[in-house]
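Dropping target.cif in here (mmCIF, N, CA and C atoms):
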```
data_entry
#
loop_
_atom_site.label_atom_id
_atom_site.label_comp_id
_atom_site.auth_asym_id
_atom_site.auth_seq_id
_atom_site.Cartn_x
_atom_site.Cartn_y
_atom_site.Cartn_z
N MET A 1 18.45 5.54 -11.29
CA MET A 1 18.76 6.08 -9.98
C MET A 1 19.28 4.96 -9.09
N GLU A 2 20.46 5.11 -8.58
CA GLU A 2 21.05 4.10 -7.72
C GLU A 2 20.55 4.27 -6.29
N ILE A 3 20.49 3.17 -5.57
CA ILE A 3 20.05 3.22 -4.17
C ILE A 3 21.01 4.05 -3.33
N SER A 4 22.29 4.10 -3.70
CA SER A 4 23.26 4.87 -2.92
C SER A 4 23.05 6.37 -3.07
N ASN A 5 22.31 6.81 -4.10
CA ASN A 5 22.05 8.23 -4.29
C ASN A 5 20.78 8.69 -3.58
N ILE A 6 20.04 7.79 -2.99
CA ILE A 6 18.80 8.15 -2.31
C ILE A 6 19.12 8.44 -0.84
N PRO A 7 18.75 9.65 -0.36
CA PRO A 7 18.98 9.95 1.06
C PRO A 7 18.20 8.98 1.95
N TRP A 8 18.82 8.54 3.04
CA TRP A 8 18.21 7.55 3.93
C TRP A 8 16.94 8.06 4.58
N GLU A 9 16.83 9.36 4.81
CA GLU A 9 15.62 9.87 5.44
C GLU A 9 14.40 9.68 4.54
N ARG A 10 14.61 9.62 3.25
CA ARG A 10 13.50 9.33 2.33
C ARG A 10 13.09 7.87 2.41
N LEU A 11 14.06 6.99 2.53
CA LEU A 11 13.75 5.57 2.63
C LEU A 11 13.00 5.23 3.91
N THR A 12 13.25 5.99 4.98
CA THR A 12 12.55 5.73 6.24
C THR A 12 11.06 6.04 6.15
N MET A 13 10.64 6.81 5.16
CA MET A 13 9.22 7.10 4.99
C MET A 13 8.45 5.85 4.54
N PHE A 14 9.14 4.86 4.04
CA PHE A 14 8.48 3.63 3.63
C PHE A 14 8.19 2.71 4.82
N LEU A 15 8.93 2.87 5.90
CA LEU A 15 8.79 1.97 7.05
C LEU A 15 7.37 1.95 7.63
N PRO A 16 6.73 3.10 7.89
CA PRO A 16 5.35 3.03 8.42
C PRO A 16 4.39 2.33 7.47
N LEU A 17 4.54 2.56 6.18
CA LEU A 17 3.66 1.91 5.21
C LEU A 17 3.88 0.40 5.18
N VAL A 18 5.12 -0.01 5.28
CA VAL A 18 5.42 -1.44 5.30
C VAL A 18 4.84 -2.08 6.57
N LEU A 19 4.97 -1.40 7.71
CA LEU A 19 4.42 -1.93 8.96
C LEU A 19 2.89 -2.02 8.91
N ILE A 20 2.24 -1.02 8.32
CA ILE A 20 0.78 -1.05 8.19
C ILE A 20 0.36 -2.17 7.24
N ALA A 21 1.09 -2.35 6.16
CA ALA A 21 0.77 -3.42 5.21
C ALA A 21 0.92 -4.79 5.89
N LEU A 22 1.98 -4.98 6.64
CA LEU A 22 2.18 -6.25 7.34
C LEU A 22 1.10 -6.49 8.40
N THR A 23 0.72 -5.43 9.11
CA THR A 23 -0.34 -5.54 10.10
C THR A 23 -1.67 -5.89 9.44
N GLY A 24 -1.97 -5.20 8.33
CA GLY A 24 -3.20 -5.50 7.59
C GLY A 24 -3.23 -6.93 7.09
N TYR A 25 -2.12 -7.40 6.57
CA TYR A 25 -2.03 -8.77 6.08
C TYR A 25 -2.24 -9.78 7.21
N TYR A 26 -1.58 -9.52 8.33
CA TYR A 26 -1.69 -10.44 9.47
C TYR A 26 -3.13 -10.51 9.98
N PHE A 27 -3.76 -9.35 10.20
CA PHE A 27 -5.11 -9.34 10.76
C PHE A 27 -6.16 -9.78 9.75
N LYS A 28 -5.88 -9.66 8.48
CA LYS A 28 -6.81 -10.19 7.48
C LYS A 28 -6.85 -11.71 7.54
N ASN A 29 -5.71 -12.31 7.77
CA ASN A 29 -5.61 -13.77 7.84
C ASN A 29 -5.83 -14.33 9.24
N ASN A 30 -5.65 -13.50 10.27
CA ASN A 30 -5.81 -13.92 11.67
C ASN A 30 -6.58 -12.87 12.45
N PRO A 31 -7.85 -12.62 12.10
CA PRO A 31 -8.59 -11.56 12.80
C PRO A 31 -8.89 -11.97 14.25
N PRO A 32 -9.01 -10.98 15.13
CA PRO A 32 -9.41 -11.30 16.52
C PRO A 32 -10.78 -11.97 16.51
N LYS A 33 -10.90 -13.08 17.20
CA LYS A 33 -12.14 -13.87 17.17
C LYS A 33 -13.25 -13.27 18.02
N LYS A 34 -12.90 -12.79 19.21
CA LYS A 34 -13.89 -12.28 20.14
C LYS A 34 -13.81 -10.77 20.21
N ILE A 35 -14.95 -10.15 20.46
CA ILE A 35 -14.99 -8.69 20.64
C ILE A 35 -14.15 -8.35 21.86
N ASN A 36 -13.23 -7.42 21.69
CA ASN A 36 -12.36 -7.01 22.80
C ASN A 36 -12.00 -5.54 22.64
N LYS A 37 -11.42 -4.99 23.68
CA LYS A 37 -11.03 -3.58 23.65
C LYS A 37 -9.52 -3.40 23.53
N MET A 38 -8.82 -4.48 23.18
CA MET A 38 -7.36 -4.40 23.11
C MET A 38 -6.81 -4.31 21.69
N MET A 39 -7.38 -5.09 20.76
CA MET A 39 -6.82 -5.08 19.41
C MET A 39 -7.91 -5.33 18.39
N GLY A 40 -7.61 -4.91 17.18
CA GLY A 40 -8.57 -5.04 16.10
C GLY A 40 -9.20 -3.70 15.76
N TYR A 41 -10.15 -3.73 14.86
CA TYR A 41 -10.89 -2.53 14.47
C TYR A 41 -12.00 -2.34 15.51
N ARG A 42 -11.86 -1.33 16.38
CA ARG A 42 -12.76 -1.15 17.51
C ARG A 42 -13.50 0.18 17.42
N THR A 43 -14.74 0.13 17.01
CA THR A 43 -15.64 1.28 17.07
C THR A 43 -16.95 0.79 17.65
N LYS A 44 -17.82 1.72 18.01
CA LYS A 44 -19.12 1.32 18.57
C LYS A 44 -19.88 0.43 17.59
N ARG A 45 -19.86 0.81 16.33
CA ARG A 45 -20.62 0.05 15.34
C ARG A 45 -20.02 -1.34 15.13
N SER A 46 -18.70 -1.46 15.14
CA SER A 46 -18.10 -2.78 14.91
C SER A 46 -18.25 -3.70 16.11
N MET A 47 -18.47 -3.13 17.30
CA MET A 47 -18.56 -3.94 18.52
C MET A 47 -20.00 -4.24 18.92
N LYS A 48 -20.98 -3.88 18.09
CA LYS A 48 -22.38 -4.11 18.43
C LYS A 48 -22.76 -5.59 18.43
N SER A 49 -22.19 -6.36 17.53
CA SER A 49 -22.50 -7.78 17.46
C SER A 49 -21.27 -8.54 16.99
N GLN A 50 -21.31 -9.84 17.18
CA GLN A 50 -20.19 -10.67 16.74
C GLN A 50 -20.07 -10.66 15.22
N ALA A 51 -21.21 -10.62 14.53
CA ALA A 51 -21.19 -10.61 13.06
C ALA A 51 -20.56 -9.33 12.54
N SER A 52 -20.92 -8.19 13.13
CA SER A 52 -20.33 -6.93 12.67
C SER A 52 -18.85 -6.87 13.03
N TRP A 53 -18.48 -7.44 14.16
CA TRP A 53 -17.08 -7.50 14.57
C TRP A 53 -16.26 -8.31 13.56
N ASP A 54 -16.74 -9.49 13.23
CA ASP A 54 -16.02 -10.35 12.29
C ASP A 54 -15.88 -9.68 10.92
N PHE A 55 -16.94 -9.05 10.45
CA PHE A 55 -16.91 -8.36 9.17
C PHE A 55 -15.90 -7.21 9.20
N ALA A 56 -15.96 -6.40 10.24
CA ALA A 56 -15.10 -5.21 10.33
C ALA A 56 -13.63 -5.58 10.38
N GLN A 57 -13.29 -6.68 11.05
CA GLN A 57 -11.88 -7.07 11.16
C GLN A 57 -11.30 -7.41 9.79
N VAL A 58 -12.02 -8.21 9.04
CA VAL A 58 -11.52 -8.65 7.73
C VAL A 58 -11.55 -7.49 6.73
N TYR A 59 -12.64 -6.72 6.72
CA TYR A 59 -12.79 -5.63 5.76
C TYR A 59 -11.73 -4.55 5.97
N SER A 60 -11.59 -4.08 7.21
CA SER A 60 -10.63 -3.00 7.48
C SER A 60 -9.19 -3.46 7.26
N SER A 61 -8.88 -4.69 7.60
CA SER A 61 -7.53 -5.21 7.38
C SER A 61 -7.21 -5.31 5.90
N GLY A 62 -8.19 -5.71 5.11
CA GLY A 62 -7.99 -5.76 3.66
C GLY A 62 -7.72 -4.39 3.08
N LEU A 63 -8.47 -3.38 3.57
CA LEU A 63 -8.23 -2.01 3.10
C LEU A 63 -6.83 -1.54 3.50
N LEU A 64 -6.46 -1.79 4.74
CA LEU A 64 -5.12 -1.37 5.19
C LEU A 64 -4.03 -1.99 4.33
N PHE A 65 -4.15 -3.27 4.07
CA PHE A 65 -3.13 -3.97 3.29
C PHE A 65 -3.06 -3.42 1.86
N THR A 66 -4.20 -3.36 1.20
CA THR A 66 -4.24 -2.92 -0.19
C THR A 66 -3.78 -1.48 -0.35
N TRP A 67 -4.30 -0.61 0.49
CA TRP A 67 -3.95 0.81 0.36
C TRP A 67 -2.50 1.09 0.77
N SER A 68 -1.97 0.32 1.70
CA SER A 68 -0.56 0.50 2.07
C SER A 68 0.35 0.10 0.91
N LEU A 69 0.01 -0.99 0.24
CA LEU A 69 0.80 -1.37 -0.94
C LEU A 69 0.73 -0.29 -2.02
N ALA A 70 -0.46 0.27 -2.22
CA ALA A 70 -0.60 1.36 -3.19
C ALA A 70 0.22 2.58 -2.77
N GLY A 71 0.24 2.86 -1.48
CA GLY A 71 1.04 3.98 -0.98
C GLY A 71 2.53 3.75 -1.17
N ILE A 72 2.98 2.53 -0.97
CA ILE A 72 4.39 2.20 -1.18
C ILE A 72 4.76 2.40 -2.64
N VAL A 73 3.90 1.93 -3.54
CA VAL A 73 4.16 2.10 -4.97
C VAL A 73 4.16 3.58 -5.33
N GLY A 74 3.21 4.33 -4.80
CA GLY A 74 3.14 5.77 -5.08
C GLY A 74 4.37 6.52 -4.60
N LEU A 75 4.82 6.23 -3.38
CA LEU A 75 6.03 6.88 -2.87
C LEU A 75 7.26 6.47 -3.68
N ALA A 76 7.33 5.20 -4.08
CA ALA A 76 8.46 4.75 -4.89
C ALA A 76 8.48 5.48 -6.23
N LEU A 77 7.31 5.66 -6.82
CA LEU A 77 7.24 6.41 -8.09
C LEU A 77 7.67 7.86 -7.91
N GLN A 78 7.23 8.47 -6.81
CA GLN A 78 7.65 9.85 -6.55
C GLN A 78 9.15 9.92 -6.34
N LEU A 79 9.69 8.98 -5.61
CA LEU A 79 11.13 8.95 -5.34
C LEU A 79 11.92 8.78 -6.64
N TYR A 80 11.41 7.96 -7.53
CA TYR A 80 12.11 7.68 -8.78
C TYR A 80 11.97 8.83 -9.78
N THR A 81 10.78 9.42 -9.88
CA THR A 81 10.54 10.43 -10.92
C THR A 81 10.96 11.83 -10.51
N GLN A 82 10.89 12.14 -9.23
CA GLN A 82 11.19 13.50 -8.79
C GLN A 82 12.48 13.51 -7.98
N LYS A 83 13.56 13.42 -8.69
CA LYS A 83 14.87 13.33 -8.04
C LYS A 83 15.23 14.59 -7.26
N ALA A 84 14.69 15.73 -7.68
CA ALA A 84 15.04 17.00 -7.03
C ALA A 84 14.11 17.35 -5.87
N THR A 85 13.14 16.50 -5.57
CA THR A 85 12.21 16.78 -4.48
C THR A 85 12.96 16.80 -3.16
N SER A 86 12.68 17.81 -2.34
CA SER A 86 13.35 17.90 -1.05
C SER A 86 12.84 16.81 -0.11
N SER A 87 13.61 16.51 0.89
CA SER A 87 13.21 15.49 1.87
C SER A 87 11.97 15.94 2.64
N THR A 88 11.84 17.22 2.88
CA THR A 88 10.67 17.75 3.57
C THR A 88 9.41 17.53 2.75
N SER A 89 9.49 17.80 1.47
CA SER A 89 8.35 17.59 0.58
C SER A 89 7.99 16.11 0.51
N PHE A 90 9.00 15.27 0.45
CA PHE A 90 8.76 13.83 0.41
C PHE A 90 8.13 13.35 1.71
N ALA A 91 8.59 13.87 2.84
CA ALA A 91 8.01 13.51 4.14
C ALA A 91 6.56 13.96 4.23
N PHE A 92 6.26 15.15 3.72
CA PHE A 92 4.89 15.65 3.71
C PHE A 92 3.99 14.72 2.90
N THR A 93 4.48 14.27 1.77
CA THR A 93 3.71 13.34 0.95
C THR A 93 3.49 12.02 1.68
N GLY A 94 4.52 11.51 2.32
CA GLY A 94 4.40 10.25 3.06
C GLY A 94 3.41 10.34 4.20
N ILE A 95 3.45 11.44 4.94
CA ILE A 95 2.51 11.64 6.05
C ILE A 95 1.09 11.79 5.52
N SER A 96 0.94 12.48 4.41
CA SER A 96 -0.39 12.63 3.79
C SER A 96 -0.95 11.29 3.36
N VAL A 97 -0.11 10.44 2.81
CA VAL A 97 -0.54 9.10 2.40
C VAL A 97 -0.98 8.30 3.62
N LEU A 98 -0.21 8.36 4.70
CA LEU A 98 -0.57 7.64 5.93
C LEU A 98 -1.93 8.11 6.47
N LEU A 99 -2.13 9.43 6.52
CA LEU A 99 -3.40 9.96 7.01
C LEU A 99 -4.56 9.54 6.11
N ALA A 100 -4.35 9.56 4.81
CA ALA A 100 -5.40 9.15 3.87
C ALA A 100 -5.76 7.68 4.09
N ILE A 101 -4.78 6.85 4.34
CA ILE A 101 -5.03 5.42 4.56
C ILE A 101 -5.86 5.22 5.83
N VAL A 102 -5.46 5.87 6.91
CA VAL A 102 -6.16 5.70 8.18
C VAL A 102 -7.59 6.26 8.11
N ILE A 103 -7.73 7.48 7.62
CA ILE A 103 -9.06 8.10 7.53
C ILE A 103 -9.95 7.33 6.55
N GLY A 104 -9.38 6.94 5.42
CA GLY A 104 -10.15 6.19 4.43
C GLY A 104 -10.60 4.83 4.95
N THR A 105 -9.74 4.16 5.68
CA THR A 105 -10.10 2.86 6.25
C THR A 105 -11.27 2.99 7.21
N VAL A 106 -11.21 3.97 8.09
CA VAL A 106 -12.30 4.17 9.04
C VAL A 106 -13.59 4.56 8.31
N TYR A 107 -13.49 5.49 7.38
CA TYR A 107 -14.67 5.96 6.66
C TYR A 107 -15.36 4.82 5.90
N PHE A 108 -14.61 4.10 5.10
CA PHE A 108 -15.21 3.06 4.27
C PHE A 108 -15.66 1.84 5.09
N THR A 109 -14.95 1.52 6.15
CA THR A 109 -15.38 0.41 7.00
C THR A 109 -16.68 0.76 7.71
N GLU A 110 -16.77 1.98 8.24
CA GLU A 110 -18.00 2.40 8.90
C GLU A 110 -19.16 2.46 7.90
N LYS A 111 -18.89 2.90 6.71
CA LYS A 111 -19.93 2.96 5.66
C LYS A 111 -20.45 1.55 5.36
N GLU A 112 -19.56 0.59 5.22
CA GLU A 112 -19.96 -0.79 4.95
C GLU A 112 -20.69 -1.41 6.14
N LEU A 113 -20.24 -1.11 7.35
CA LEU A 113 -20.92 -1.61 8.54
C LEU A 113 -22.35 -1.07 8.61
N LYS A 114 -22.50 0.21 8.32
CA LYS A 114 -23.82 0.83 8.36
C LYS A 114 -24.73 0.19 7.29
N LYS A 115 -24.18 -0.05 6.12
CA LYS A 115 -24.94 -0.64 5.02
C LYS A 115 -25.35 -2.08 5.33
N ASN A 116 -24.45 -2.86 5.90
CA ASN A 116 -24.70 -4.28 6.13
C ASN A 116 -25.34 -4.62 7.47
N PHE A 117 -25.13 -3.78 8.48
CA PHE A 117 -25.60 -4.11 9.82
C PHE A 117 -26.49 -3.04 10.43
N GLY A 118 -26.86 -2.03 9.65
CA GLY A 118 -27.77 -0.99 10.15
C GLY A 118 -27.15 -0.16 11.13
#
```

What is this structure when it is put down as structure tokens?
Amino acid sequence: MEISNIPWERLTMFLPLVLIALTGYYFKNNPPKKINKMMGYRTKRSMKSQASWDFAQVYSSGLLFTWSLAGIVGLALQLYTQKATSSTSFAFTGISVLLAIVIGTVYFTEKELKKNFG
């Protein structure tokens, strides 16, 4: 399958995943140092102490990065294998992947915070 045969609207579905992966990578390597309400993983449980804050920043960023890369690979496989898939179907899959990443990151980070910090 040549790149010229792929509709551009399908390629734009990769942009949010790439941005999330880059954000996850950046914050994993440069997490916010102090508890704040402007950036980082901000929930009541993550903001209870500095230790839980530090843990949540690195853990959630790692999940975002890893799962975004998996989502990119999954969408690329769908794009390659299902040539007849409509753009609407492909967009639905991309949005579903994004929602799964966000919901999964919050769920698993909160689960780990509860396990490690009560």

Residues of chain A classed as alpha helix (DSSP H) by DSSP on the backbone are to be reported as a short mmCIF file (atom, residue, chain, number, x, y, z; two decimals) with N, CA and C atoms, in the frame of the given file.
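Output contents, as saved in out.cif:
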```cif
data_model
loop_
_atom_site.label_atom_id
_atom_site.label_comp_id
_atom_site.auth_asym_id
_atom_site.auth_seq_id
_atom_site.Cartn_x
_atom_site.Cartn_y
_atom_site.Cartn_z
N TRP A 8 18.82 8.54 3.04
CA TRP A 8 18.21 7.55 3.93
C TRP A 8 16.94 8.06 4.58
N GLU A 9 16.83 9.36 4.81
CA GLU A 9 15.62 9.87 5.44
C GLU A 9 14.40 9.68 4.54
N ARG A 10 14.61 9.62 3.25
CA ARG A 10 13.50 9.33 2.33
C ARG A 10 13.09 7.87 2.41
N LEU A 11 14.06 6.99 2.53
CA LEU A 11 13.75 5.57 2.63
C LEU A 11 13.00 5.23 3.91
N PHE A 14 9.14 4.86 4.04
CA PHE A 14 8.48 3.63 3.63
C PHE A 14 8.19 2.71 4.82
N LEU A 15 8.93 2.87 5.90
CA LEU A 15 8.79 1.97 7.05
C LEU A 15 7.37 1.95 7.63
N PRO A 16 6.73 3.10 7.89
CA PRO A 16 5.35 3.03 8.42
C PRO A 16 4.39 2.33 7.47
N LEU A 17 4.54 2.56 6.18
CA LEU A 17 3.66 1.91 5.21
C LEU A 17 3.88 0.40 5.18
N VAL A 18 5.12 -0.01 5.28
CA VAL A 18 5.42 -1.44 5.30
C VAL A 18 4.84 -2.08 6.57
N LEU A 19 4.97 -1.40 7.71
CA LEU A 19 4.42 -1.93 8.96
C LEU A 19 2.89 -2.02 8.91
N ILE A 20 2.24 -1.02 8.32
CA ILE A 20 0.78 -1.05 8.19
C ILE A 20 0.36 -2.17 7.24
N ALA A 21 1.09 -2.35 6.16
CA ALA A 21 0.77 -3.42 5.21
C ALA A 21 0.92 -4.79 5.89
N LEU A 22 1.98 -4.98 6.64
CA LEU A 22 2.18 -6.25 7.34
C LEU A 22 1.10 -6.49 8.40
N THR A 23 0.72 -5.43 9.11
CA THR A 23 -0.34 -5.54 10.10
C THR A 23 -1.67 -5.89 9.44
N GLY A 24 -1.97 -5.20 8.33
CA GLY A 24 -3.20 -5.50 7.59
C GLY A 24 -3.23 -6.93 7.09
N TYR A 25 -2.12 -7.40 6.57
CA TYR A 25 -2.03 -8.77 6.08
C TYR A 25 -2.24 -9.78 7.21
N TYR A 26 -1.58 -9.52 8.33
CA TYR A 26 -1.69 -10.44 9.47
C TYR A 26 -3.13 -10.51 9.98
N PHE A 27 -3.76 -9.35 10.20
CA PHE A 27 -5.11 -9.34 10.76
C PHE A 27 -6.16 -9.78 9.75
N LYS A 28 -5.88 -9.66 8.48
CA LYS A 28 -6.81 -10.19 7.48
C LYS A 28 -6.85 -11.71 7.54
N ASN A 29 -5.71 -12.31 7.77
CA ASN A 29 -5.61 -13.77 7.84
C ASN A 29 -5.83 -14.33 9.24
N GLN A 50 -21.31 -9.84 17.18
CA GLN A 50 -20.19 -10.67 16.74
C GLN A 50 -20.07 -10.66 15.22
N ALA A 51 -21.21 -10.62 14.53
CA ALA A 51 -21.19 -10.61 13.06
C ALA A 51 -20.56 -9.33 12.54
N SER A 52 -20.92 -8.19 13.13
CA SER A 52 -20.33 -6.93 12.67
C SER A 52 -18.85 -6.87 13.03
N TRP A 53 -18.48 -7.44 14.16
CA TRP A 53 -17.08 -7.50 14.57
C TRP A 53 -16.26 -8.31 13.56
N ASP A 54 -16.74 -9.49 13.23
CA ASP A 54 -16.02 -10.35 12.29
C ASP A 54 -15.88 -9.68 10.92
N PHE A 55 -16.94 -9.05 10.45
CA PHE A 55 -16.91 -8.36 9.17
C PHE A 55 -15.90 -7.21 9.20
N ALA A 56 -15.96 -6.40 10.24
CA ALA A 56 -15.10 -5.21 10.33
C ALA A 56 -13.63 -5.58 10.38
N GLN A 57 -13.29 -6.68 11.05
CA GLN A 57 -11.88 -7.07 11.16
C GLN A 57 -11.30 -7.41 9.79
N VAL A 58 -12.02 -8.21 9.04
CA VAL A 58 -11.52 -8.65 7.73
C VAL A 58 -11.55 -7.49 6.73
N TYR A 59 -12.64 -6.72 6.72
CA TYR A 59 -12.79 -5.63 5.76
C TYR A 59 -11.73 -4.55 5.97
N SER A 60 -11.59 -4.08 7.21
CA SER A 60 -10.63 -3.00 7.48
C SER A 60 -9.19 -3.46 7.26
N SER A 61 -8.88 -4.69 7.60
CA SER A 61 -7.53 -5.21 7.38
C SER A 61 -7.21 -5.31 5.90
N GLY A 62 -8.19 -5.71 5.11
CA GLY A 62 -7.99 -5.76 3.66
C GLY A 62 -7.72 -4.39 3.08
N LEU A 63 -8.47 -3.38 3.57
CA LEU A 63 -8.23 -2.01 3.10
C LEU A 63 -6.83 -1.54 3.50
N LEU A 64 -6.46 -1.79 4.74
CA LEU A 64 -5.12 -1.37 5.19
C LEU A 64 -4.03 -1.99 4.33
N PHE A 65 -4.15 -3.27 4.07
CA PHE A 65 -3.13 -3.97 3.29
C PHE A 65 -3.06 -3.42 1.86
N THR A 66 -4.20 -3.36 1.20
CA THR A 66 -4.24 -2.92 -0.19
C THR A 66 -3.78 -1.48 -0.35
N TRP A 67 -4.30 -0.61 0.49
CA TRP A 67 -3.95 0.81 0.36
C TRP A 67 -2.50 1.09 0.77
N SER A 68 -1.97 0.32 1.70
CA SER A 68 -0.56 0.50 2.07
C SER A 68 0.35 0.10 0.91
N LEU A 69 0.01 -0.99 0.24
CA LEU A 69 0.80 -1.37 -0.94
C LEU A 69 0.73 -0.29 -2.02
N ALA A 70 -0.46 0.27 -2.22
CA ALA A 70 -0.60 1.36 -3.19
C ALA A 70 0.22 2.58 -2.77
N GLY A 71 0.24 2.86 -1.48
CA GLY A 71 1.04 3.98 -0.98
C GLY A 71 2.53 3.75 -1.17
N ILE A 72 2.98 2.53 -0.97
CA ILE A 72 4.39 2.20 -1.18
C ILE A 72 4.76 2.40 -2.64
N VAL A 73 3.90 1.93 -3.54
CA VAL A 73 4.16 2.10 -4.97
C VAL A 73 4.16 3.58 -5.33
N GLY A 74 3.21 4.33 -4.80
CA GLY A 74 3.14 5.77 -5.08
C GLY A 74 4.37 6.52 -4.60
N LEU A 75 4.82 6.23 -3.38
CA LEU A 75 6.03 6.88 -2.87
C LEU A 75 7.26 6.47 -3.68
N ALA A 76 7.33 5.20 -4.08
CA ALA A 76 8.46 4.75 -4.89
C ALA A 76 8.48 5.48 -6.23
N LEU A 77 7.31 5.66 -6.82
CA LEU A 77 7.24 6.41 -8.09
C LEU A 77 7.67 7.86 -7.91
N GLN A 78 7.23 8.47 -6.81
CA GLN A 78 7.65 9.85 -6.55
C GLN A 78 9.15 9.92 -6.34
N LEU A 79 9.69 8.98 -5.61
CA LEU A 79 11.13 8.95 -5.34
C LEU A 79 11.92 8.78 -6.64
N TYR A 80 11.41 7.96 -7.53
CA TYR A 80 12.11 7.68 -8.78
C TYR A 80 11.97 8.83 -9.78
N THR A 81 10.78 9.42 -9.88
CA THR A 81 10.54 10.43 -10.92
C THR A 81 10.96 11.83 -10.51
N SER A 87 13.61 16.51 0.89
CA SER A 87 13.21 15.49 1.87
C SER A 87 11.97 15.94 2.64
N THR A 88 11.84 17.22 2.88
CA THR A 88 10.67 17.75 3.57
C THR A 88 9.41 17.53 2.75
N SER A 89 9.49 17.80 1.47
CA SER A 89 8.35 17.59 0.58
C SER A 89 7.99 16.11 0.51
N PHE A 90 9.00 15.27 0.45
CA PHE A 90 8.76 13.83 0.41
C PHE A 90 8.13 13.35 1.71
N ALA A 91 8.59 13.87 2.84
CA ALA A 91 8.01 13.51 4.14
C ALA A 91 6.56 13.96 4.23
N PHE A 92 6.26 15.15 3.72
CA PHE A 92 4.89 15.65 3.71
C PHE A 92 3.99 14.72 2.90
N THR A 93 4.48 14.27 1.77
CA THR A 93 3.71 13.34 0.95
C THR A 93 3.49 12.02 1.68
N GLY A 94 4.52 11.51 2.32
CA GLY A 94 4.40 10.25 3.06
C GLY A 94 3.41 10.34 4.20
N ILE A 95 3.45 11.44 4.94
CA ILE A 95 2.51 11.64 6.05
C ILE A 95 1.09 11.79 5.52
N SER A 96 0.94 12.48 4.41
CA SER A 96 -0.39 12.63 3.79
C SER A 96 -0.95 11.29 3.36
N VAL A 97 -0.11 10.44 2.81
CA VAL A 97 -0.54 9.10 2.40
C VAL A 97 -0.98 8.30 3.62
N LEU A 98 -0.21 8.36 4.70
CA LEU A 98 -0.57 7.64 5.93
C LEU A 98 -1.93 8.11 6.47
N LEU A 99 -2.13 9.43 6.52
CA LEU A 99 -3.40 9.96 7.01
C LEU A 99 -4.56 9.54 6.11
N ALA A 100 -4.35 9.56 4.81
CA ALA A 100 -5.40 9.15 3.87
C ALA A 100 -5.76 7.68 4.09
N ILE A 101 -4.78 6.85 4.34
CA ILE A 101 -5.03 5.42 4.56
C ILE A 101 -5.86 5.22 5.83
N VAL A 102 -5.46 5.87 6.91
CA VAL A 102 -6.16 5.70 8.18
C VAL A 102 -7.59 6.26 8.11
N ILE A 103 -7.73 7.48 7.62
CA ILE A 103 -9.06 8.10 7.53
C ILE A 103 -9.95 7.33 6.55
N GLY A 104 -9.38 6.94 5.42
CA GLY A 104 -10.15 6.19 4.43
C GLY A 104 -10.60 4.83 4.95
N THR A 105 -9.74 4.16 5.68
CA THR A 105 -10.10 2.86 6.25
C THR A 105 -11.27 2.99 7.21
N VAL A 106 -11.21 3.97 8.09
CA VAL A 106 -12.30 4.17 9.04
C VAL A 106 -13.59 4.56 8.31
N TYR A 107 -13.49 5.49 7.38
CA TYR A 107 -14.67 5.96 6.66
C TYR A 107 -15.36 4.82 5.90
N PHE A 108 -14.61 4.10 5.10
CA PHE A 108 -15.21 3.06 4.27
C PHE A 108 -15.66 1.84 5.09
N THR A 109 -14.95 1.52 6.15
CA THR A 109 -15.38 0.41 7.00
C THR A 109 -16.68 0.76 7.71
N GLU A 110 -16.77 1.98 8.24
CA GLU A 110 -18.00 2.40 8.90
C GLU A 110 -19.16 2.46 7.90
N LYS A 111 -18.89 2.90 6.71
CA LYS A 111 -19.93 2.96 5.66
C LYS A 111 -20.45 1.55 5.36
N GLU A 112 -19.56 0.59 5.22
CA GLU A 112 -19.96 -0.79 4.95
C GLU A 112 -20.69 -1.41 6.14
N LEU A 113 -20.24 -1.11 7.35
CA LEU A 113 -20.92 -1.61 8.54
C LEU A 113 -22.35 -1.07 8.61
N LYS A 114 -22.50 0.21 8.32
CA LYS A 114 -23.82 0.83 8.36
C LYS A 114 -24.73 0.19 7.29
N LYS A 115 -24.18 -0.05 6.12
CA LYS A 115 -24.94 -0.64 5.02
C LYS A 115 -25.35 -2.08 5.33
N ASN A 116 -24.45 -2.86 5.90
CA ASN A 116 -24.70 -4.28 6.13
C ASN A 116 -25.34 -4.62 7.47
N PHE A 117 -25.13 -3.78 8.48
CA PHE A 117 -25.60 -4.11 9.82
C PHE A 117 -26.49 -3.04 10.43
#
```

(request) Would you mind listing what lies within 8 Å of range 82-96 of chain A as a PyMOL selection string, with only C-alpha atoms counted and same-chain residues fewer than 6 positions away left out? (result) chain A and resi 9-10+13-14+75

(message) Residues near range 22-33 of chain A, anyone? I mean within 6 Å using only N, CA and C atoms, not counting same-chain ones fewer than 4 positions away, as a VMD selection string.
(response) chain A and resid 17 to 18 57 to 58 61 to 62 64 to 65

(request) State, in Å with one decimal place, the distance from atom N of Gln50 in chain A to atom N of Asn116 in chain A. (result) 13.6 Å

(message) Under the rule that only C-alpha atoms are counted, which of A:Pro16, A:Asp54, A:Met38, A:Arg45 is the nearest residue to Lys115 in chain A?
(response) A:Arg45

(request) State, in Å with one decimal place, the distance from atom N of Val97 in chain A to atom C of Thr43 in chain A. (result) 24.4 Å
